[in-house]
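**Student:** Here's a structure for you.
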Amino acid sequence: MEPYELTATQASALIAARKLSCEELARSTLDRILARDPEVRAWSWFDADTIIRNARELDKTPPRSPLHGLTFGVKDVIDTADMPTQHNSPIHVNHRPGQDAACVAVVRHSGSLIVGKTDTVEFASGGRRAVTRNPHNPAHTPGGSSSGSGAAVGDSQVQLAFGTQTGGSHIRPAAFNGIYGIKPTHGIVSREGAKMYSHTLDTIGWYGRSVEDLQLVGSAFRLPGSDGHPGAGTVEPASVKGLRVGLCRTPVWQAADAYGRAALMEAARRLEAAGAIVRELTLPAEFDGMDAAQQTVMRGEGRAAFLPAYLGSHHLLHEDFREMVENARGISPAQLVQAYDLAAACRRLFDGLFGADLDVVLTPPSPGEAPQGLQDTGNPAFNAMWTLLHVPCVAIPVGKSARGLPLGIQLVGPRFADSRLLAIAAACAPVIHENGMLGEIEVDEAMAA
């Protein structure tokens, strides 16, 4: 096994034991990027000399944390002190903010090696699409807006990467690239230094190649209940046997394709066979309006987020953002108030579902297969509600379609139960994740269901 193939957790143990140097991992990573970037195009910026120089510096000190020396990609809407932050926008070509975003500072101070900036949909919002291709089938999208981050981890070009989610921009690419990802509880990770779209929705998350990789990063961010959170205690390991799972098709189930439905039902079958108690979970009627409410909040708050660029760089600003500032959809103050109130009510309702009869929710992370081409980055319908609810979500791969495209599910928990959700995911992942292709019988049965 080449060093670049190691999961973050595996590499961390070897670096701590002095059996792998940061430079060895960096050089292997760089070789992988140079070999694959012409096809996958995950990166908007990286510099080989900087990568090696920084890795050598890390080798001069004892490991600062379990993240020491691990390779990290940063979505190019998140500021980095020593790299440009260009937002895939002509307004910000070669823009260097000169300061790390808060999330980058946390992992850099923990010893991570920041490899480069990953391509993104313009401003993580609309407009120009990333040129990144799905590493499993380059004729298809890797998803958006965290396109480059998802593809880089999915293609083993980097072990960890930051993404962001306002609608479905983080969890959906995890599913499309066959990797693990967490969208934490809203606000648990500082968004300082990341492009603002919607202050109610924007959430920074990260990708890895296993749940244990996600937990390593979660500890650095001191998630409540993680080992890195002083005074909060630790979360006990979970077991699949007896786990109470709510199978939630959500109010937008009709948007799922045959493979999306098959992946969900197959994951439920595998969990049930391993001893989990899987029951259908139908959300209260109030949740039927959450998808529309998320759109109202996102576009309503986006007006303020893009007003400065509208006034200062109007000729360079994509039409998508001009229309948002001009309120082309006619979102009224009353509609915003209704959306905020519905979200607040549903957050309380959702958190209240957990307890004696429910440990975790099992639900789709996307409609199914990644769309063909790069313009359509996928429908966020299976993410929008969870983003507006502010709840943590963890993406887990299930298998692949006949075209070799990854399929997945997501597990969802109540607010601020991130560490507990990761513990449940760690128990469920070995049961759910199989690399094989879902069969025609499974797909046909899922469509009938």
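Just remember, in the structure tokens the first chain shown is A, the second B, etc., residues are 1-based per chain, and ligands are 1-based in the order shown.
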Show which residues sit within 7 Å of Pro365 (chain A), as a PDB file with all heavy atoms, in the first residue's frame. Count only C-alpha atoms, and ignore same-chain residues fewer than 3 positions away.
**Tutor:**
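Saved file selection.pdb follows:
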ATOM      1  N   ILE A 171     -23.072  16.875   1.860  1.00  0.00           N
ATOM      2  CA  ILE A 171     -23.463  15.479   1.987  1.00  0.00           C
ATOM      3  C   ILE A 171     -23.697  14.846   0.615  1.00  0.00           C
ATOM      4  O   ILE A 171     -23.335  13.685   0.386  1.00  0.00           O
ATOM      5  CB  ILE A 171     -24.727  15.353   2.866  1.00  0.00           C
ATOM      6  CG1 ILE A 171     -24.395  15.732   4.327  1.00  0.00           C
ATOM      7  CG2 ILE A 171     -25.314  13.954   2.790  1.00  0.00           C
ATOM      8  CD1 ILE A 171     -23.393  14.814   5.001  1.00  0.00           C
ATOM      9  N   ARG A 172     -24.288  15.590  -0.315  1.00  0.00           N
ATOM     10  CA  ARG A 172     -24.547  15.020  -1.641  1.00  0.00           C
ATOM     11  C   ARG A 172     -23.254  14.615  -2.363  1.00  0.00           C
ATOM     12  O   ARG A 172     -23.163  13.496  -2.900  1.00  0.00           O
ATOM     13  CB  ARG A 172     -25.375  16.002  -2.478  1.00  0.00           C
ATOM     14  CG  ARG A 172     -25.923  15.397  -3.759  1.00  0.00           C
ATOM     15  CD  ARG A 172     -26.885  16.346  -4.470  1.00  0.00           C
ATOM     16  NE  ARG A 172     -26.220  17.461  -5.105  1.00  0.00           N
ATOM     17  CZ  ARG A 172     -26.186  18.718  -4.631  1.00  0.00           C
ATOM     18  NH1 ARG A 172     -26.788  19.027  -3.489  1.00  0.00           N
ATOM     19  NH2 ARG A 172     -25.565  19.681  -5.284  1.00  0.00           N
ATOM     20  N   ALA A 175     -21.960  11.299  -1.121  1.00  0.00           N
ATOM     21  CA  ALA A 175     -22.649  10.156  -1.706  1.00  0.00           C
ATOM     22  C   ALA A 175     -22.176   9.908  -3.131  1.00  0.00           C
ATOM     23  O   ALA A 175     -21.938   8.758  -3.530  1.00  0.00           O
ATOM     24  CB  ALA A 175     -24.160  10.386  -1.678  1.00  0.00           C
ATOM     25  N   PHE A 382     -32.924  16.130  -0.905  1.00  0.00           N
ATOM     26  CA  PHE A 382     -32.783  15.246   0.253  1.00  0.00           C
ATOM     27  C   PHE A 382     -31.812  15.796   1.306  1.00  0.00           C
ATOM     28  O   PHE A 382     -31.458  15.091   2.248  1.00  0.00           O
ATOM     29  CB  PHE A 382     -32.350  13.859  -0.203  1.00  0.00           C
ATOM     30  CG  PHE A 382     -33.445  13.107  -0.903  1.00  0.00           C
ATOM     31  CD1 PHE A 382     -33.500  13.052  -2.285  1.00  0.00           C
ATOM     32  CD2 PHE A 382     -34.443  12.478  -0.180  1.00  0.00           C
ATOM     33  CE1 PHE A 382     -34.513  12.373  -2.941  1.00  0.00           C
ATOM     34  CE2 PHE A 382     -35.471  11.798  -0.814  1.00  0.00           C
ATOM     35  CZ  PHE A 382     -35.512  11.742  -2.206  1.00  0.00           C
ATOM     36  N   ASN A 383     -31.383  17.042   1.130  1.00  0.00           N
ATOM     37  CA  ASN A 383     -30.471  17.681   2.089  1.00  0.00           C
ATOM     38  C   ASN A 383     -31.052  18.944   2.699  1.00  0.00           C
ATOM     39  O   ASN A 383     -30.734  19.293   3.844  1.00  0.00           O
ATOM     40  CB  ASN A 383     -29.147  18.043   1.406  1.00  0.00           C
ATOM     41  CG  ASN A 383     -28.591  16.934   0.548  1.00  0.00           C
ATOM     42  OD1 ASN A 383     -28.556  17.047  -0.670  1.00  0.00           O
ATOM     43  ND2 ASN A 383     -28.174  15.843   1.149  1.00  0.00           N
ATOM     44  N   ALA A 395     -22.703  10.934   6.118  1.00  0.00           N
ATOM     45  CA  ALA A 395     -22.863  10.171   4.883  1.00  0.00           C
ATOM     46  C   ALA A 395     -22.039   8.897   4.936  1.00  0.00           C
ATOM     47  O   ALA A 395     -20.877   8.922   5.355  1.00  0.00           O
ATOM     48  CB  ALA A 395     -22.440  11.013   3.678  1.00  0.00           C
ATOM     49  N   GLY A 408     -25.159   6.025  -1.690  1.00  0.00           N
ATOM     50  CA  GLY A 408     -24.984   6.085  -0.253  1.00  0.00           C
ATOM     51  C   GLY A 408     -26.269   6.366   0.489  1.00  0.00           C
ATOM     52  O   GLY A 408     -27.354   6.446  -0.091  1.00  0.00           O
ATOM     53  N   ILE A 409     -26.128   6.495   1.792  1.00  0.00           N
ATOM     54  CA  ILE A 409     -27.229   6.903   2.676  1.00  0.00           C
ATOM     55  C   ILE A 409     -26.673   7.970   3.618  1.00  0.00           C
ATOM     56  O   ILE A 409     -25.461   8.241   3.639  1.00  0.00           O
ATOM     57  CB  ILE A 409     -27.813   5.730   3.488  1.00  0.00           C
ATOM     58  CG1 ILE A 409     -26.717   5.001   4.306  1.00  0.00           C
ATOM     59  CG2 ILE A 409     -28.518   4.757   2.556  1.00  0.00           C
ATOM     60  CD1 ILE A 409     -26.446   5.540   5.674  1.00  0.00           C
ATOM     61  N   GLN A 410     -27.548   8.581   4.401  1.00  0.00           N
ATOM     62  CA  GLN A 410     -27.072   9.437   5.482  1.00  0.00           C
ATOM     63  C   GLN A 410     -27.814   9.086   6.767  1.00  0.00           C
ATOM     64  O   GLN A 410     -28.979   8.689   6.748  1.00  0.00           O
ATOM     65  CB  GLN A 410     -27.212  10.918   5.149  1.00  0.00           C
ATOM     66  CG  GLN A 410     -28.619  11.443   4.947  1.00  0.00           C
ATOM     67  CD  GLN A 410     -28.639  12.952   4.705  1.00  0.00           C
ATOM     68  OE1 GLN A 410     -27.877  13.727   5.304  1.00  0.00           O
ATOM     69  NE2 GLN A 410     -29.533  13.380   3.817  1.00  0.00           N
TER      70      GLN A 410
END
**Student:** Find the residues near Asp320 (chain A): any atom within 10 Å, counting only C-alpha atoms, skip ones fewer than 5 places away on the same chain, and give them as a list of chain:residue names.
**Tutor:**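 Answer for this query is A:Ser125, A:Gly126, A:Gly127, A:Arg128, A:Val325, A:Ala328.
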**Student:** Set the distance at 12 Å and use only C-alpha atoms: which residues neighbour Lys60 (chain A) once local chain neighbours fewer than 2 positions away are removed? I'd like the list as JSON, numbers by chain.
**Tutor:** {"A": [18, 21, 22, 23, 53, 54, 55, 56, 57, 58, 62, 63, 64, 68, 69, 111]}
**Student:** Any chance you can output those residues with N, CA and C atoms as a PDB file, in the first residue's frame?
**Tutor:**
ATOM      1  N   ARG A  18       6.376   6.944  14.379  1.00  0.00           N
ATOM      2  CA  ARG A  18       7.584   7.269  13.609  1.00  0.00           C
ATOM      3  C   ARG A  18       7.881   6.209  12.549  1.00  0.00           C
ATOM      4  N   SER A  21       6.943   9.209   7.773  1.00  0.00           N
ATOM      5  CA  SER A  21       7.223  10.632   7.943  1.00  0.00           C
ATOM      6  C   SER A  21       6.177  11.458   7.211  1.00  0.00           C
ATOM      7  N   CYS A  22       6.037  12.698   7.649  1.00  0.00           N
ATOM      8  CA  CYS A  22       5.112  13.612   6.985  1.00  0.00           C
ATOM      9  C   CYS A  22       5.543  13.845   5.534  1.00  0.00           C
ATOM     10  N   GLU A  23       6.870  13.902   5.313  1.00  0.00           N
ATOM     11  CA  GLU A  23       7.344  14.118   3.949  1.00  0.00           C
ATOM     12  C   GLU A  23       7.041  12.916   3.059  1.00  0.00           C
ATOM     13  N   ARG A  53       7.896  21.503   1.411  1.00  0.00           N
ATOM     14  CA  ARG A  53       8.549  22.337   2.423  1.00  0.00           C
ATOM     15  C   ARG A  53       7.785  22.293   3.747  1.00  0.00           C
ATOM     16  N   ASN A  54       6.462  22.407   3.687  1.00  0.00           N
ATOM     17  CA  ASN A  54       5.658  22.388   4.913  1.00  0.00           C
ATOM     18  C   ASN A  54       5.683  21.012   5.579  1.00  0.00           C
ATOM     19  N   ALA A  55       5.736  19.948   4.773  1.00  0.00           N
ATOM     20  CA  ALA A  55       5.820  18.600   5.345  1.00  0.00           C
ATOM     21  C   ALA A  55       7.132  18.411   6.105  1.00  0.00           C
ATOM     22  N   ARG A  56       8.230  18.925   5.545  1.00  0.00           N
ATOM     23  CA  ARG A  56       9.518  18.816   6.231  1.00  0.00           C
ATOM     24  C   ARG A  56       9.506  19.568   7.557  1.00  0.00           C
ATOM     25  N   GLU A  57       8.855  20.704   7.580  1.00  0.00           N
ATOM     26  CA  GLU A  57       8.741  21.457   8.839  1.00  0.00           C
ATOM     27  C   GLU A  57       7.972  20.657   9.876  1.00  0.00           C
ATOM     28  N   LEU A  58       6.919  19.971   9.447  1.00  0.00           N
ATOM     29  CA  LEU A  58       6.141  19.161  10.381  1.00  0.00           C
ATOM     30  C   LEU A  58       6.968  18.004  10.936  1.00  0.00           C
ATOM     31  N   PRO A  62       7.612  16.951  17.314  1.00  0.00           N
ATOM     32  CA  PRO A  62       6.772  15.802  17.685  1.00  0.00           C
ATOM     33  C   PRO A  62       5.330  16.066  17.252  1.00  0.00           C
ATOM     34  N   PRO A  63       4.548  15.017  16.995  1.00  0.00           N
ATOM     35  CA  PRO A  63       3.158  15.205  16.587  1.00  0.00           C
ATOM     36  C   PRO A  63       2.377  16.065  17.579  1.00  0.00           C
ATOM     37  N   ARG A  64       1.705  17.080  17.059  1.00  0.00           N
ATOM     38  CA  ARG A  64       0.937  17.991  17.908  1.00  0.00           C
ATOM     39  C   ARG A  64      -0.406  17.379  18.314  1.00  0.00           C
ATOM     40  N   HIS A  68      -1.596  15.387  12.972  1.00  0.00           N
ATOM     41  CA  HIS A  68      -0.264  15.826  12.556  1.00  0.00           C
ATOM     42  C   HIS A  68       0.172  15.129  11.264  1.00  0.00           C
ATOM     43  N   GLY A  69       0.475  15.923  10.252  1.00  0.00           N
ATOM     44  CA  GLY A  69       0.983  15.416   8.993  1.00  0.00           C
ATOM     45  C   GLY A  69      -0.073  14.925   8.018  1.00  0.00           C
ATOM     46  N   GLY A 111      -1.513  20.496  13.321  1.00  0.00           N
ATOM     47  CA  GLY A 111      -0.445  19.822  12.600  1.00  0.00           C
ATOM     48  C   GLY A 111      -0.806  19.293  11.234  1.00  0.00           C
TER      49      GLY A 111
END
**Student:** Mind pulling up the distance from CA of Asp79 (chain A) to CA of His95 (chain A)?
**Tutor:** 9.8 Å
**Student:** Taking only region 239-431 of chain A into account, list the residues labelled strand (DSSP E or B) by DSSP (computed from the backbone), as a list in words.
**Tutor:**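 Checking each residue of region 239-431 of chain A, the strand (DSSP E or B) ones are Arg244, Val245, Gly246, Leu247, Ile277, Val278, Arg279, Glu280, Val360, Val361, Leu362, Thr363, Gln372, Cys393, Val394, Ala395, Ile396, Pro397, Val398, Gly399, Lys400, Pro406, Leu407, Gly408, Ile409, Gln410, Leu411 and Val412 of chain A.
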**Student:** Produce a file of the selected residues containing N, CA and C atoms, as a compact mmCIF listing (two decimals), in the first residue's frame.
**Tutor:**
# COMPACT_ATOMS: atom_id res chain seq x y z
N ARG A 244 -32.24 1.50 17.41
CA ARG A 244 -33.58 1.86 16.94
C ARG A 244 -33.44 2.87 15.81
N VAL A 245 -33.73 2.41 14.60
CA VAL A 245 -33.50 3.17 13.38
C VAL A 245 -34.83 3.58 12.76
N GLY A 246 -34.97 4.86 12.47
CA GLY A 246 -36.15 5.36 11.78
C GLY A 246 -35.87 5.49 10.30
N LEU A 247 -36.52 4.67 9.48
CA LEU A 247 -36.36 4.72 8.02
C LEU A 247 -37.24 5.85 7.50
N ILE A 277 -33.31 -2.50 14.97
CA ILE A 277 -34.77 -2.44 14.91
C ILE A 277 -35.13 -1.29 13.97
N VAL A 278 -35.51 -1.62 12.75
CA VAL A 278 -35.78 -0.62 11.72
C VAL A 278 -37.28 -0.46 11.57
N ARG A 279 -37.75 0.76 11.74
CA ARG A 279 -39.17 1.07 11.58
C ARG A 279 -39.33 2.27 10.68
N GLU A 280 -40.43 2.30 9.96
CA GLU A 280 -40.74 3.46 9.13
C GLU A 280 -40.96 4.69 10.01
N VAL A 360 -31.59 6.92 15.79
CA VAL A 360 -31.00 7.55 14.62
C VAL A 360 -31.98 7.47 13.45
N VAL A 361 -31.87 8.41 12.53
CA VAL A 361 -32.69 8.43 11.33
C VAL A 361 -31.85 7.99 10.14
N LEU A 362 -32.37 7.09 9.33
CA LEU A 362 -31.75 6.61 8.10
C LEU A 362 -32.54 7.18 6.93
N THR A 363 -31.85 7.91 6.04
CA THR A 363 -32.55 8.64 4.98
C THR A 363 -31.63 8.83 3.78
N GLN A 372 -25.31 12.92 -15.25
CA GLN A 372 -24.31 12.97 -16.30
C GLN A 372 -23.99 14.41 -16.65
N CYS A 393 -25.50 15.40 10.22
CA CYS A 393 -25.74 14.34 9.24
C CYS A 393 -24.40 13.68 8.91
N VAL A 394 -24.40 12.37 8.77
CA VAL A 394 -23.21 11.62 8.39
C VAL A 394 -23.52 10.78 7.17
N ALA A 395 -22.70 10.93 6.12
CA ALA A 395 -22.86 10.17 4.88
C ALA A 395 -22.04 8.90 4.94
N ILE A 396 -22.65 7.79 4.50
CA ILE A 396 -21.99 6.47 4.47
C ILE A 396 -22.24 5.84 3.11
N PRO A 397 -21.20 5.33 2.44
CA PRO A 397 -21.39 4.64 1.16
C PRO A 397 -22.15 3.32 1.35
N VAL A 398 -22.88 2.91 0.31
CA VAL A 398 -23.62 1.65 0.33
C VAL A 398 -23.09 0.69 -0.72
N GLY A 399 -22.88 1.17 -1.94
CA GLY A 399 -22.43 0.33 -3.04
C GLY A 399 -22.37 1.16 -4.30
N LYS A 400 -22.50 0.53 -5.45
CA LYS A 400 -22.40 1.24 -6.72
C LYS A 400 -23.52 0.82 -7.66
N PRO A 406 -21.00 5.63 -7.29
CA PRO A 406 -21.27 5.33 -5.89
C PRO A 406 -22.68 5.74 -5.47
N LEU A 407 -23.20 5.00 -4.50
CA LEU A 407 -24.50 5.28 -3.90
C LEU A 407 -24.32 5.26 -2.39
N GLY A 408 -25.16 6.02 -1.69
CA GLY A 408 -24.98 6.08 -0.25
C GLY A 408 -26.27 6.37 0.49
N ILE A 409 -26.13 6.50 1.79
CA ILE A 409 -27.23 6.90 2.68
C ILE A 409 -26.67 7.97 3.62
N GLN A 410 -27.55 8.58 4.40
CA GLN A 410 -27.07 9.44 5.48
C GLN A 410 -27.81 9.09 6.77
N LEU A 411 -27.09 9.20 7.87
CA LEU A 411 -27.67 9.07 9.20
C LEU A 411 -27.81 10.45 9.79
N VAL A 412 -28.93 10.69 10.48
CA VAL A 412 -29.24 12.02 11.02
C VAL A 412 -29.58 11.87 12.49
**Student:** From a DSSP pass on the backbone, collect the residues of region 155-232 of chain A flagged as helix (DSSP H, G or I) and hand them back as an MDAnalysis selection string.
**Tutor:** chainID A and resid 171:177 211:220
**Student:** Contacts of Thr120 (chain A) at 12 Å or less, counting only C-alpha atoms, minus same-chain residues fewer than 4 places along, as a tab-separated table (two decimals) with C-alpha atoms, in the first residue's frame?
**Tutor:**
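Generated output (out.tsv):
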chain	number	residue	atom	x	y	z
A	41	ARG	CA	-9.45	18.27	-11.96
A	42	ALA	CA	-10.21	18.48	-8.27
A	43	TRP	CA	-7.79	21.31	-7.51
A	44	SER	CA	-8.03	25.02	-8.18
A	45	TRP	CA	-4.59	25.62	-6.60
A	74	VAL	CA	-9.71	23.15	1.52
A	75	LYS	CA	-12.75	24.16	-0.51
A	76	ASP	CA	-11.92	27.33	-2.41
A	77	VAL	CA	-14.49	29.50	-0.63
A	78	ILE	CA	-12.58	29.12	2.65
A	85	THR	CA	-9.10	32.02	-2.25
A	86	GLN	CA	-10.80	32.54	-5.60
A	87	HIS	CA	-14.39	31.33	-5.10
A	88	ASN	CA	-14.40	30.16	-8.76
A	89	SER	CA	-15.28	33.79	-9.57
A	124	ALA	CA	-20.55	27.74	-3.34
A	125	SER	CA	-23.89	29.04	-4.55
A	126	GLY	CA	-24.57	29.07	-8.31
A	127	GLY	CA	-23.13	30.63	-11.42
A	128	ARG	CA	-20.06	28.88	-12.79
A	129	ARG	CA	-19.65	25.15	-12.16
A	130	ALA	CA	-16.43	23.45	-11.12
A	131	VAL	CA	-14.53	21.63	-13.85
A	132	THR	CA	-14.09	18.65	-11.50
A	133	ARG	CA	-15.21	15.24	-12.73
A	141	THR	CA	-20.60	15.19	-11.87
A	142	PRO	CA	-18.92	14.75	-8.48
A	143	GLY	CA	-21.71	16.90	-7.07
A	144	GLY	CA	-21.61	20.47	-5.89
A	145	SER	CA	-20.79	22.84	-4.55
A	146	SER	CA	-18.04	20.92	-2.70
A	147	SER	CA	-17.05	19.34	-6.01
A	148	GLY	CA	-13.26	19.30	-5.71
A	149	SER	CA	-13.19	18.30	-2.05
A	150	GLY	CA	-15.48	15.33	-2.60
A	151	ALA	CA	-13.61	14.15	-5.69
A	152	ALA	CA	-10.15	14.62	-4.13
A	162	PHE	CA	-13.37	20.69	4.06
A	163	GLY	CA	-16.68	21.28	2.35
A	164	THR	CA	-19.60	23.58	3.06
A	165	GLN	CA	-23.36	23.09	2.97
A	169	SER	CA	-23.43	20.96	-1.03
A	170	HIS	CA	-21.52	18.68	1.35
A	173	PRO	CA	-20.95	15.03	-3.00
A	195	LYS	CA	-17.78	32.98	2.12
A	374	LEU	CA	-20.90	18.80	-15.11
A	377	THR	CA	-24.50	18.95	-9.84
**Student:** For Pro414 (chain A), work out the shell of residues within 8 Å, counting only C-alpha atoms and skipping chain neighbours fewer than 2 positions away, then give it as an MDAnalysis selection string.
**Tutor:** chainID A and resid 350:351 354 391:392 412 416:417
**Student:** Do you know which residues are at most 12 Å from Pro308 (chain A) counting only C-alpha atoms, after dropping those on the same chain fewer than 3 positions away, and could you put them as a PyMOL selection string?
**Tutor:** chain A and resi 91+196+302-305+311-314+317+321-322+325
**Student:** Identify, on the basis of only C-alpha atoms, every residue whose closest approach to Arg108 (chain A) does not exceed 9 Å; exclude the query and any residue fewer than 6 positions from it along the same chain; express the result as a list in words.
**Tutor:** Leu67, His68, Asp100 and Ile114 of chain A
**Student:** Export, as a PDB file, in the first residue's frame, the selected residues with N, CA, C and O atoms.
**Tutor:**
ATOM      1  N   LEU A  67      -3.931  14.665  14.143  1.00  0.00           N
ATOM      2  CA  LEU A  67      -4.010  15.191  12.777  1.00  0.00           C
ATOM      3  C   LEU A  67      -2.643  15.536  12.199  1.00  0.00           C
ATOM      4  O   LEU A  67      -2.541  15.925  11.032  1.00  0.00           O
ATOM      5  N   HIS A  68      -1.596  15.387  12.972  1.00  0.00           N
ATOM      6  CA  HIS A  68      -0.264  15.826  12.556  1.00  0.00           C
ATOM      7  C   HIS A  68       0.172  15.129  11.264  1.00  0.00           C
ATOM      8  O   HIS A  68       0.215  13.894  11.179  1.00  0.00           O
ATOM      9  N   ASP A 100      -5.870  32.624   7.665  1.00  0.00           N
ATOM     10  CA  ASP A 100      -6.637  31.391   7.639  1.00  0.00           C
ATOM     11  C   ASP A 100      -8.042  31.608   8.171  1.00  0.00           C
ATOM     12  O   ASP A 100      -8.243  32.330   9.161  1.00  0.00           O
ATOM     13  N   ILE A 114      -1.892  21.340   4.929  1.00  0.00           N
ATOM     14  CA  ILE A 114      -2.857  21.898   3.985  1.00  0.00           C
ATOM     15  C   ILE A 114      -2.272  21.752   2.583  1.00  0.00           C
ATOM     16  O   ILE A 114      -1.287  22.401   2.239  1.00  0.00           O
TER      17      ILE A 114
END
**Student:** What is the distance, in Å and to one decimal place, between CA of Val252 (chain A) and CA of Phe123 (chain A)?
**Tutor:** 26.5 Å
**Student:** Find, counting only C-alpha atoms, the residue in A:Leu349, A:Met437, A:Leu160, A:Ala220 that gets nearest to Ala105 (chain A).
**Tutor:** A:Ala220
**Student:** Pick out the closest residue to Ile179 (chain A) from this set: A:Gln254, A:Thr387, A:Thr80, A:Gln159. Count only C-alpha atoms.
**Tutor:**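 So, comparing all the options, the nearest one is A:Gln159.
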**Student:** Compare A:His433, A:Ala101, A:Ile182, A:Tyr197 by their minimum atom-to-atom distance to Leu223 (chain A), counting only C-alpha atoms, and give me the closest one.
**Tutor:**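 Residue with the minimum atom-to-atom distance to Leu223 (chain A): A:Ile182.
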